[in-house]
$ cat coords08.json   # JSON, C-alpha atoms
[["chain", "number", "residue", "atom", "x", "y", "z"],
["D", 33, "MET", "CA", 0.00, 0.00, 0.00],
["D", 34, "ASP", "CA", 1.27, 3.46, -0.78],
["D", 35, "LYS", "CA", 1.96, 5.72, 2.14],
["D", 36, "LYS", "CA", -0.36, 8.72, 1.78],
["D", 37, "TYR", "CA", 0.03, 9.89, 5.37],
["D", 38, "PRO", "CA", 3.57, 10.66, 6.55],
["D", 39, "SER", "CA", 2.98, 9.58, 10.15],
["D", 40, "LYS", "CA", 0.72, 7.43, 12.26],
["D", 41, "MET", "CA", -0.32, 10.51, 14.25],
["D", 42, "ILE", "CA", -1.47, 12.39, 11.15],
["D", 43, "ARG", "CA", -3.40, 9.36, 9.89],
["D", 44, "GLN", "CA", -5.11, 8.85, 13.26],
["D", 45, "LEU", "CA", -6.07, 12.52, 13.50],
["D", 46, "ASN", "CA", -7.60, 12.36, 10.03],
["D", 47, "ILE", "CA", -9.45, 9.13, 10.82],
["D", 48, "TYR", "CA", -10.83, 10.72, 13.99],
["D", 49, "TYR", "CA", -11.95, 13.85, 12.12],
["D", 50, "HIS", "CA", -13.50, 11.82, 9.31],
["D", 51, "ILE", "CA", -15.45, 9.59, 11.68],
["D", 52, "THR", "CA", -16.74, 12.50, 13.79],
["D", 53, "THR", "CA", -17.78, 14.67, 10.84],
["D", 54, "THR", "CA", -19.40, 12.14, 8.50],
["D", 55, "TYR", "CA", -22.30, 9.74, 8.80],
["D", 56, "TYR", "CA", -20.97, 6.75, 6.90],
["D", 57, "HIS", "CA", -17.50, 5.46, 7.68],
["D", 58, "GLY", "CA", -17.41, 1.71, 7.22],
["D", 59, "PRO", "CA", -14.19, -0.27, 7.27],
["D", 60, "ASN", "CA", -13.96, -0.62, 3.48],
["D", 61, "GLU", "CA", -14.43, 3.12, 2.96],
["D", 62, "LEU", "CA", -11.87, 3.98, 5.67],
["D", 63, "MET", "CA", -9.30, 1.50, 4.34],
["D", 64, "LYS", "CA", -9.67, 2.90, 0.83],
["D", 65, "ARG", "CA", -9.64, 6.55, 1.93],
["D", 66, "PHE", "CA", -6.58, 6.21, 4.16],
["D", 67, "HIS", "CA", -4.74, 3.52, 2.12],
["D", 68, "ILE", "CA", -4.43, 1.12, 5.04],
["D", 69, "SER", "CA", -5.19, -2.51, 5.82],
["D", 70, "LEU", "CA", -7.99, -3.67, 8.10],
["D", 71, "ARG", "CA", -5.43, -4.61, 10.74],
["D", 72, "MET", "CA", -3.92, -1.11, 10.70],
["D", 73, "LEU", "CA", -7.40, 0.45, 10.84],
["D", 74, "GLN", "CA", -8.23, -1.65, 13.89],
["D", 75, "ARG", "CA", -4.98, -0.55, 15.59],
["D", 76, "ASP", "CA", -5.74, 3.11, 14.81],
["D", 77, "LEU", "CA", -9.26, 2.82, 16.22],
["D", 78, "LYS", "CA", -7.83, 1.11, 19.32],
["D", 79, "ASP", "CA", -5.38, 4.00, 19.82],
["D", 80, "LEU", "CA", -8.23, 6.51, 19.46],
["D", 81, "ARG", "CA", -10.19, 4.56, 22.08],
["D", 82, "ASP", "CA", -7.21, 4.08, 24.38],
["D", 83, "CYS", "CA", -6.34, 7.79, 24.33],
["D", 84, "GLY", "CA", -9.87, 8.52, 25.56],
["D", 85, "VAL", "CA", -11.38, 10.39, 22.62],
["D", 86, "LEU", "CA", -13.39, 8.00, 20.46],
["D", 87, "ASN", "CA", -15.10, 4.67, 21.05],
["D", 88, "VAL", "CA", -16.79, 3.11, 18.04],
["D", 89, "LYS", "CA", -18.30, -0.29, 17.44],
["D", 90, "TYR", "CA", -18.89, -2.10, 14.19],
["D", 91, "GLN", "CA", -22.49, -2.33, 13.03],
["D", 92, "LYS", "CA", -22.62, -5.38, 10.79],
["D", 93, "SER", "CA", -26.05, -4.65, 9.28],
["D", 94, "GLY", "CA", -24.96, -1.28, 7.92],
["D", 95, "ASN", "CA", -21.27, -2.15, 7.46],
["D", 96, "ASN", "CA", -20.50, 1.00, 9.42],
["D", 97, "TYR", "CA", -18.74, 2.13, 12.57],
["D", 98, "ILE", "CA", -21.07, 3.86, 15.01],
["D", 99, "LEU", "CA", -20.38, 5.57, 18.31],
["D", 100, "SER", "CA", -20.47, 3.15, 21.22],
["D", 101, "ASP", "CA", -22.69, 3.65, 24.24],
["D", 102, "LYS", "CA", -19.57, 3.52, 26.42],
["D", 103, "ASN", "CA", -17.35, 6.58, 26.56],
["D", 104, "ALA", "CA", -13.71, 6.16, 25.62],
["D", 105, "VAL", "CA", -11.39, 6.19, 28.64],
["D", 106, "PHE", "CA", -7.65, 6.79, 28.65],
["D", 107, "ASP", "CA", -5.72, 3.53, 29.03],
["D", 108, "GLU", "CA", -3.72, 4.09, 32.22],
["D", 109, "THR", "CA", -1.88, 0.79, 31.73],
["D", 110, "ALA", "CA", -0.08, 2.04, 28.58],
["D", 111, "LYS", "CA", 3.67, 2.34, 29.06],
["D", 112, "GLY", "CA", 6.67, 4.07, 27.50],
["D", 113, "ARG", "CA", 6.53, 5.44, 23.98],
["D", 114, "HIS", "CA", 3.02, 4.11, 23.41],
["D", 115, "ARG", "CA", 1.77, 6.05, 26.45],
["D", 116, "GLN", "CA", 3.46, 9.22, 25.18],
["D", 117, "HIS", "CA", 1.81, 8.72, 21.78],
["D", 118, "LEU", "CA", -1.62, 8.33, 23.41],
["D", 119, "ILE", "CA", -1.11, 11.47, 25.53],
["D", 120, "ARG", "CA", -0.14, 13.50, 22.47],
["D", 121, "LEU", "CA", -2.97, 12.05, 20.35],
["D", 122, "HIS", "CA", -5.44, 12.96, 23.11],
["D", 123, "ARG", "CA", -4.07, 16.51, 23.33],
["D", 124, "LEU", "CA", -4.23, 17.05, 19.55],
["D", 125, "VAL", "CA", -7.80, 15.75, 19.30],
["D", 126, "ILE", "CA", -8.84, 18.07, 22.15],
["D", 127, "LEU", "CA", -7.30, 20.95, 20.16],
["D", 128, "ILE", "CA", -9.15, 19.96, 16.98],
["D", 129, "ASP", "CA", -12.44, 19.93, 18.88],
["D", 130, "ASN", "CA", -11.92, 23.00, 21.07],
["D", 131, "LEU", "CA", -9.69, 25.60, 19.42],
["D", 132, "PRO", "CA", -11.74, 28.50, 18.07],
["D", 133, "ARG", "CA", -11.91, 28.71, 14.28],
["D", 134, "THR", "CA", -11.17, 31.84, 12.30],
["D", 135, "TYR", "CA", -14.14, 32.86, 10.16],
["D", 136, "MET", "CA", -12.42, 33.03, 6.80],
["D", 137, "GLU", "CA", -15.51, 34.38, 5.03],
["D", 138, "ASP", "CA", -15.47, 37.45, 7.31],
["D", 139, "LEU", "CA", -11.76, 37.90, 6.61],
["D", 140, "ARG", "CA", -12.26, 37.62, 2.83],
["D", 141, "ASN", "CA", -15.13, 40.14, 2.98],
["D", 142, "TYR", "CA", -12.93, 42.54, 4.95],
["D", 143, "GLU", "CA", -10.03, 42.17, 2.49],
["D", 144, "SER", "CA", -12.33, 42.78, -0.46],
["D", 145, "ALA", "CA", -13.85, 45.89, 1.17],
["D", 146, "TYR", "CA", -10.39, 47.15, 2.14],
["D", 147, "ASP", "CA", -9.07, 46.68, -1.42],
["D", 148, "GLU", "CA", -12.04, 48.65, -2.73],
["D", 149, "TYR", "CA", -11.49, 51.36, -0.13],
["D", 150, "THR", "CA", -7.76, 51.72, -0.94],
["D", 151, "PHE", "CA", -8.46, 51.73, -4.69],
["D", 152, "TYR", "CA", -10.97, 54.54, -4.21],
["D", 153, "ARG", "CA", -8.55, 56.45, -1.92],
["D", 154, "ASP", "CA", -5.30, 55.91, -3.83],
["D", 155, "GLU", "CA", -6.45, 55.84, -7.44],
["D", 156, "LEU", "CA", -9.80, 57.49, -8.09],
["D", 157, "MET", "CA", -9.50, 60.39, -5.61],
["D", 158, "VAL", "CA", -5.99, 61.25, -6.82],
["D", 159, "GLU", "CA", -6.87, 61.11, -10.54],
["D", 160, "ASP", "CA", -10.26, 62.85, -10.38],
["D", 161, "PRO", "CA", -10.97, 64.57, -7.03],
["D", 162, "GLU", "CA", -14.01, 66.42, -8.46],
["D", 163, "THR", "CA", -15.86, 63.23, -9.37],
["D", 164, "TYR", "CA", -14.58, 61.37, -6.28],
["D", 165, "PRO", "CA", -14.36, 63.97, -3.49],
["D", 166, "PRO", "CA", -12.35, 62.98, -0.38],
["D", 167, "GLU", "CA", -15.24, 63.72, 2.01],
["D", 168, "GLU", "CA", -17.26, 60.90, 0.42],
["D", 169, "LEU", "CA", -14.60, 58.33, 1.22],
["D", 170, "GLY", "CA", -15.83, 57.53, 4.71],
["D", 171, "ASP", "CA", -14.09, 55.31, 7.24],
["D", 172, "PRO", "CA", -12.04, 52.29, 6.25],
["D", 173, "PRO", "CA", -13.66, 48.88, 6.81],
["D", 174, "VAL", "CA", -13.29, 47.41, 10.28],
["D", 175, "LEU", "CA", -10.99, 44.42, 10.65],
["D", 176, "PRO", "CA", -12.92, 41.45, 12.07],
["D", 177, "GLU", "CA", -11.88, 40.23, 15.51],
["D", 178, "PHE", "CA", -9.66, 37.20, 15.58],
["D", 179, "PRO", "CA", -9.96, 34.59, 18.30],
["D", 180, "ASP", "CA", -6.81, 34.35, 20.42],
["D", 181, "ILE", "CA", -5.86, 30.81, 19.47],
["D", 182, "LYS", "CA", -2.62, 30.81, 21.44],
["D", 183, "ALA", "CA", -4.45, 31.86, 24.62],
["D", 184, "ALA", "CA", -7.10, 29.21, 23.96],
["D", 185, "TYR", "CA", -4.34, 26.59, 23.71],
["D", 186, "TYR", "CA", -2.91, 27.58, 27.09],
["D", 187, "SER", "CA", -6.36, 27.65, 28.68],
["D", 188, "LEU", "CA", -6.83, 24.03, 27.54],
["D", 189, "PHE", "CA", -3.30, 22.96, 28.53],
["D", 190, "PRO", "CA", -1.93, 25.40, 31.12],
["D", 191, "ASP", "CA", 1.03, 23.17, 31.98],
["D", 192, "SER", "CA", 2.32, 23.05, 28.40],
["D", 193, "ASN", "CA", 5.36, 25.04, 27.37],
["D", 194, "GLU", "CA", 5.92, 27.11, 24.23],
["D", 195, "ARG", "CA", 7.90, 24.38, 22.48],
["D", 196, "THR", "CA", 5.08, 21.86, 22.98],
["D", 197, "ARG", "CA", 2.55, 24.37, 21.61],
["D", 198, "GLN", "CA", 4.72, 24.97, 18.55],
["D", 199, "ARG", "CA", 5.04, 21.24, 17.91],
["D", 200, "ASP", "CA", 1.30, 20.71, 18.37],
["D", 201, "PHE", "CA", 0.41, 23.51, 15.96],
["D", 202, "LYS", "CA", 2.92, 22.17, 13.43],
["D", 203, "GLU", "CA", 1.49, 18.65, 13.71],
["D", 204, "LEU", "CA", -2.08, 19.95, 13.25],
["D", 205, "ASN", "CA", -0.96, 21.94, 10.23],
["D", 206, "ASN", "CA", 0.79, 18.87, 8.79],
["D", 207, "ALA", "CA", -2.42, 16.90, 9.30],
["D", 208, "GLY", "CA", -4.34, 19.40, 7.16],
["D", 209, "PHE", "CA", -6.01, 21.49, 9.85],
["D", 210, "CYS", "CA", -4.47, 24.79, 8.60],
["D", 211, "ILE", "CA", -3.26, 26.49, 11.74],
["D", 212, "TYR", "CA", -0.60, 29.12, 11.14],
["D", 213, "TYR", "CA", 0.67, 32.50, 12.21],
["D", 214, "SER", "CA", -0.34, 35.37, 9.91],
["D", 215, "ARG", "CA", 2.31, 38.06, 9.79],
["D", 216, "LYS", "CA", -0.13, 40.31, 7.98],
["D", 217, "TYR", "CA", -2.63, 40.24, 10.87],
["D", 218, "LYS", "CA", -0.15, 39.38, 13.66],
["D", 219, "THR", "CA", -2.25, 36.52, 14.98],
["D", 220, "PHE", "CA", -2.78, 32.79, 14.64],
["D", 221, "ILE", "CA", -5.39, 31.65, 12.17],
["D", 222, "PHE", "CA", -7.12, 28.29, 12.45],
["D", 223, "GLU", "CA", -9.27, 27.15, 9.57],
["D", 224, "CYS", "CA", -10.56, 23.63, 9.33]]

$ encode --input "coords08.json" --output "structure tokens"
Amino acid sequence: MDKKYPSKMIRQLNIYYHITTTYYHGPNELMKRFHISLRMLQRDLKDLRDCGVLNVKYQKSGNNYILSDKNAVFDETAKGRHRQHLIRLHRLVILIDNLPRTYMEDLRNYESAYDEYTFYRDELMVEDPETYPPEELGDPPVLPEFPDIKAAYYSLFPDSNERTRQRDFKELNNAGFCIYYSRKYKTFIFEC
């Protein structure tokens, strides 16, 4: 099988997100989508259960995984590197579910209005001030408020350090969750 996902963590995050955001996610569909064997899928689902974030059971009649009646509980018996993997997987899933999203539509609307405003100010008013008088310009558009994603991270995980946060954001970004620092707006942006 070709390796579409560069790491087990990224694959498991994507499996979690796919299962929690879609209705149908049977084993055949998941194996095809993530280019994995049934055995690997079962191990990934076990890790998601053992880290305490997702407990699914197989529904034979619909050939589908459905949420189990029992909540997933962190496996306290896990040891060594496997335990560290489960802790990190749990933390990243909590971030996916709880970090505030940036409303990209509001940002695009602002950028469009700001471009129009600057065009009017810098081009039309300079070339023809009689037709486009400066007093008609009005105020520039208001920049939408951005959620403080970094503060939200530390409210979820107050004991984490800056290096851990950087690694977590990088891993989420690598997994396709688009979290990055915008130099233009001097804030983190999280689009999913």

$ closest_residue --input "coords08.json" --among "D:Asp138, D:Asp160, D:Leu124, D:Ser100" --to "D:Arg199" --atoms "all atoms listed in the file"
D:Leu124

$ residues_near_point --input "coords08.json" --point "(-12.2, 19.6, 21.3)" --cutoff "12 Å" --atoms "all atoms listed in the file" --output "PyMOL selection string"
chain D and resi 48-49+52+85-86+121-133+184-185+188-189

$ atom_distance --input "coords08.json" --atom1 "atom CA of D:Cys210" --atom2 "atom CA of D:Met136"
11.6 Å

$ closest_residue --input "coords08.json" --among "D:Gly58, D:Pro173, D:Ile47, D:Lys78" --to "D:Glu148" --atoms "all atoms listed in the file"
D:Pro173

$ atom_distance --input "coords08.json" --atom1 "atom CA of D:Asn87" --atom2 "atom CA of D:Leu99"
6.0 Å

$ closest_residue --input "coords08.json" --among "D:Ala207, D:Ser214, D:His57, D:Glu223" --to "D:Pro38" --atoms "all atoms listed in the file"
D:Ala207

$ axis_aligned_box --input "coords08.json" --around "stretch 133-146 of chain D" --padding-each-side "3 Å" --output "JSON"
{"center_x": -12.8, "center_y": 37.9, "center_z": 6.9, "size_x": 11.5, "size_y": 24.4, "size_z": 20.7}

$ closest_residue --input "coords08.json" --among "D:Gln198, D:Gln44, D:Gln116, D:Ser93" --to "D:Lys182" --atoms "all atoms listed in the file"
D:Gln198

$ build_atoms --input "coords08.json" --residues "stretch 163-174 of chain D" --atoms "all heavy atoms" --output "PDB file, keeping the file's coordinate frame"
ATOM      1  N   THR D 163     -14.867  64.298  -9.265  1.00  0.00           N
ATOM      2  CA  THR D 163     -15.860  63.230  -9.370  1.00  0.00           C
ATOM      3  C   THR D 163     -15.883  62.387  -8.101  1.00  0.00           C
ATOM      4  O   THR D 163     -16.929  61.905  -7.676  1.00  0.00           O
ATOM      5  CB  THR D 163     -15.557  62.324 -10.581  1.00  0.00           C
ATOM      6  OG1 THR D 163     -15.407  63.135 -11.744  1.00  0.00           O
ATOM      7  CG2 THR D 163     -16.658  61.328 -10.811  1.00  0.00           C
ATOM      8  N   TYR D 164     -14.708  62.181  -7.493  1.00  0.00           N
ATOM      9  CA  TYR D 164     -14.580  61.370  -6.280  1.00  0.00           C
ATOM     10  C   TYR D 164     -14.008  62.231  -5.158  1.00  0.00           C
ATOM     11  O   TYR D 164     -12.830  62.173  -4.850  1.00  0.00           O
ATOM     12  CB  TYR D 164     -13.656  60.172  -6.551  1.00  0.00           C
ATOM     13  CG  TYR D 164     -14.122  59.310  -7.688  1.00  0.00           C
ATOM     14  CD1 TYR D 164     -13.544  59.416  -8.955  1.00  0.00           C
ATOM     15  CD2 TYR D 164     -15.151  58.390  -7.505  1.00  0.00           C
ATOM     16  CE1 TYR D 164     -13.982  58.624 -10.004  1.00  0.00           C
ATOM     17  CE2 TYR D 164     -15.587  57.603  -8.547  1.00  0.00           C
ATOM     18  CZ  TYR D 164     -15.007  57.725  -9.798  1.00  0.00           C
ATOM     19  OH  TYR D 164     -15.444  56.944 -10.839  1.00  0.00           O
ATOM     20  N   PRO D 165     -14.861  63.064  -4.540  1.00  0.00           N
ATOM     21  CA  PRO D 165     -14.360  63.970  -3.490  1.00  0.00           C
ATOM     22  C   PRO D 165     -13.935  63.193  -2.235  1.00  0.00           C
ATOM     23  O   PRO D 165     -14.553  62.189  -1.871  1.00  0.00           O
ATOM     24  CB  PRO D 165     -15.564  64.870  -3.186  1.00  0.00           C
ATOM     25  CG  PRO D 165     -16.746  64.144  -3.715  1.00  0.00           C
ATOM     26  CD  PRO D 165     -16.278  63.230  -4.796  1.00  0.00           C
ATOM     27  N   PRO D 166     -12.869  63.668  -1.568  1.00  0.00           N
ATOM     28  CA  PRO D 166     -12.350  62.980  -0.380  1.00  0.00           C
ATOM     29  C   PRO D 166     -13.360  62.847   0.752  1.00  0.00           C
ATOM     30  O   PRO D 166     -13.327  61.861   1.493  1.00  0.00           O
ATOM     31  CB  PRO D 166     -11.163  63.844   0.045  1.00  0.00           C
ATOM     32  CG  PRO D 166     -10.778  64.607  -1.162  1.00  0.00           C
ATOM     33  CD  PRO D 166     -12.023  64.778  -1.970  1.00  0.00           C
ATOM     34  N   GLU D 167     -14.270  63.788   0.904  1.00  0.00           N
ATOM     35  CA  GLU D 167     -15.240  63.720   2.010  1.00  0.00           C
ATOM     36  C   GLU D 167     -16.234  62.568   1.844  1.00  0.00           C
ATOM     37  O   GLU D 167     -16.889  62.156   2.801  1.00  0.00           O
ATOM     38  CB  GLU D 167     -15.983  65.048   2.192  1.00  0.00           C
ATOM     39  CG  GLU D 167     -16.708  65.575   0.979  1.00  0.00           C
ATOM     40  CD  GLU D 167     -15.825  66.425   0.056  1.00  0.00           C
ATOM     41  OE1 GLU D 167     -14.621  66.597   0.304  1.00  0.00           O
ATOM     42  OE2 GLU D 167     -16.361  66.904  -0.952  1.00  0.00           O
ATOM     43  N   GLU D 168     -16.359  62.021   0.647  1.00  0.00           N
ATOM     44  CA  GLU D 168     -17.260  60.900   0.420  1.00  0.00           C
ATOM     45  C   GLU D 168     -16.605  59.549   0.713  1.00  0.00           C
ATOM     46  O   GLU D 168     -17.272  58.524   0.666  1.00  0.00           O
ATOM     47  CB  GLU D 168     -17.776  60.904  -1.021  1.00  0.00           C
ATOM     48  CG  GLU D 168     -18.754  62.009  -1.305  1.00  0.00           C
ATOM     49  CD  GLU D 168     -19.308  61.931  -2.721  1.00  0.00           C
ATOM     50  OE1 GLU D 168     -19.100  60.891  -3.387  1.00  0.00           O
ATOM     51  OE2 GLU D 168     -19.941  62.891  -3.144  1.00  0.00           O
ATOM     52  N   LEU D 169     -15.326  59.582   1.012  1.00  0.00           N
ATOM     53  CA  LEU D 169     -14.600  58.330   1.220  1.00  0.00           C
ATOM     54  C   LEU D 169     -15.114  57.560   2.413  1.00  0.00           C
ATOM     55  O   LEU D 169     -15.311  56.356   2.353  1.00  0.00           O
ATOM     56  CB  LEU D 169     -13.091  58.614   1.371  1.00  0.00           C
ATOM     57  CG  LEU D 169     -12.201  57.410   1.587  1.00  0.00           C
ATOM     58  CD1 LEU D 169     -12.300  56.462   0.404  1.00  0.00           C
ATOM     59  CD2 LEU D 169     -10.767  57.840   1.794  1.00  0.00           C
ATOM     60  N   GLY D 170     -15.351  58.220   3.514  1.00  0.00           N
ATOM     61  CA  GLY D 170     -15.830  57.530   4.710  1.00  0.00           C
ATOM     62  C   GLY D 170     -14.697  56.830   5.443  1.00  0.00           C
ATOM     63  O   GLY D 170     -13.519  56.977   5.113  1.00  0.00           O
ATOM     64  N   ASP D 171     -15.077  56.031   6.432  1.00  0.00           N
ATOM     65  CA  ASP D 171     -14.090  55.310   7.240  1.00  0.00           C
ATOM     66  C   ASP D 171     -13.684  54.020   6.544  1.00  0.00           C
ATOM     67  O   ASP D 171     -14.475  53.408   5.829  1.00  0.00           O
ATOM     68  CB  ASP D 171     -14.680  54.986   8.612  1.00  0.00           C
ATOM     69  CG  ASP D 171     -14.957  56.252   9.417  1.00  0.00           C
ATOM     70  OD1 ASP D 171     -14.204  57.225   9.247  1.00  0.00           O
ATOM     71  OD2 ASP D 171     -15.922  56.244  10.206  1.00  0.00           O
ATOM     72  N   PRO D 172     -12.458  53.575   6.809  1.00  0.00           N
ATOM     73  CA  PRO D 172     -12.040  52.290   6.250  1.00  0.00           C
ATOM     74  C   PRO D 172     -12.832  51.153   6.895  1.00  0.00           C
ATOM     75  O   PRO D 172     -13.366  51.302   7.993  1.00  0.00           O
ATOM     76  CB  PRO D 172     -10.551  52.198   6.601  1.00  0.00           C
ATOM     77  CG  PRO D 172     -10.370  53.123   7.750  1.00  0.00           C
ATOM     78  CD  PRO D 172     -11.404  54.204   7.602  1.00  0.00           C
ATOM     79  N   PRO D 173     -12.923  50.009   6.222  1.00  0.00           N
ATOM     80  CA  PRO D 173     -13.660  48.880   6.810  1.00  0.00           C
ATOM     81  C   PRO D 173     -12.986  48.420   8.100  1.00  0.00           C
ATOM     82  O   PRO D 173     -11.783  48.574   8.286  1.00  0.00           O
ATOM     83  CB  PRO D 173     -13.597  47.793   5.733  1.00  0.00           C
ATOM     84  CG  PRO D 173     -12.539  48.214   4.791  1.00  0.00           C
ATOM     85  CD  PRO D 173     -12.358  49.684   4.921  1.00  0.00           C
ATOM     86  N   VAL D 174     -13.782  47.860   8.980  1.00  0.00           N
ATOM     87  CA  VAL D 174     -13.290  47.410  10.280  1.00  0.00           C
ATOM     88  C   VAL D 174     -12.801  45.975  10.170  1.00  0.00           C
ATOM     89  O   VAL D 174     -13.515  45.099   9.674  1.00  0.00           O
ATOM     90  CB  VAL D 174     -14.408  47.521  11.348  1.00  0.00           C
ATOM     91  CG1 VAL D 174     -13.940  46.986  12.679  1.00  0.00           C
ATOM     92  CG2 VAL D 174     -14.886  48.960  11.456  1.00  0.00           C
TER      93      VAL D 174
END
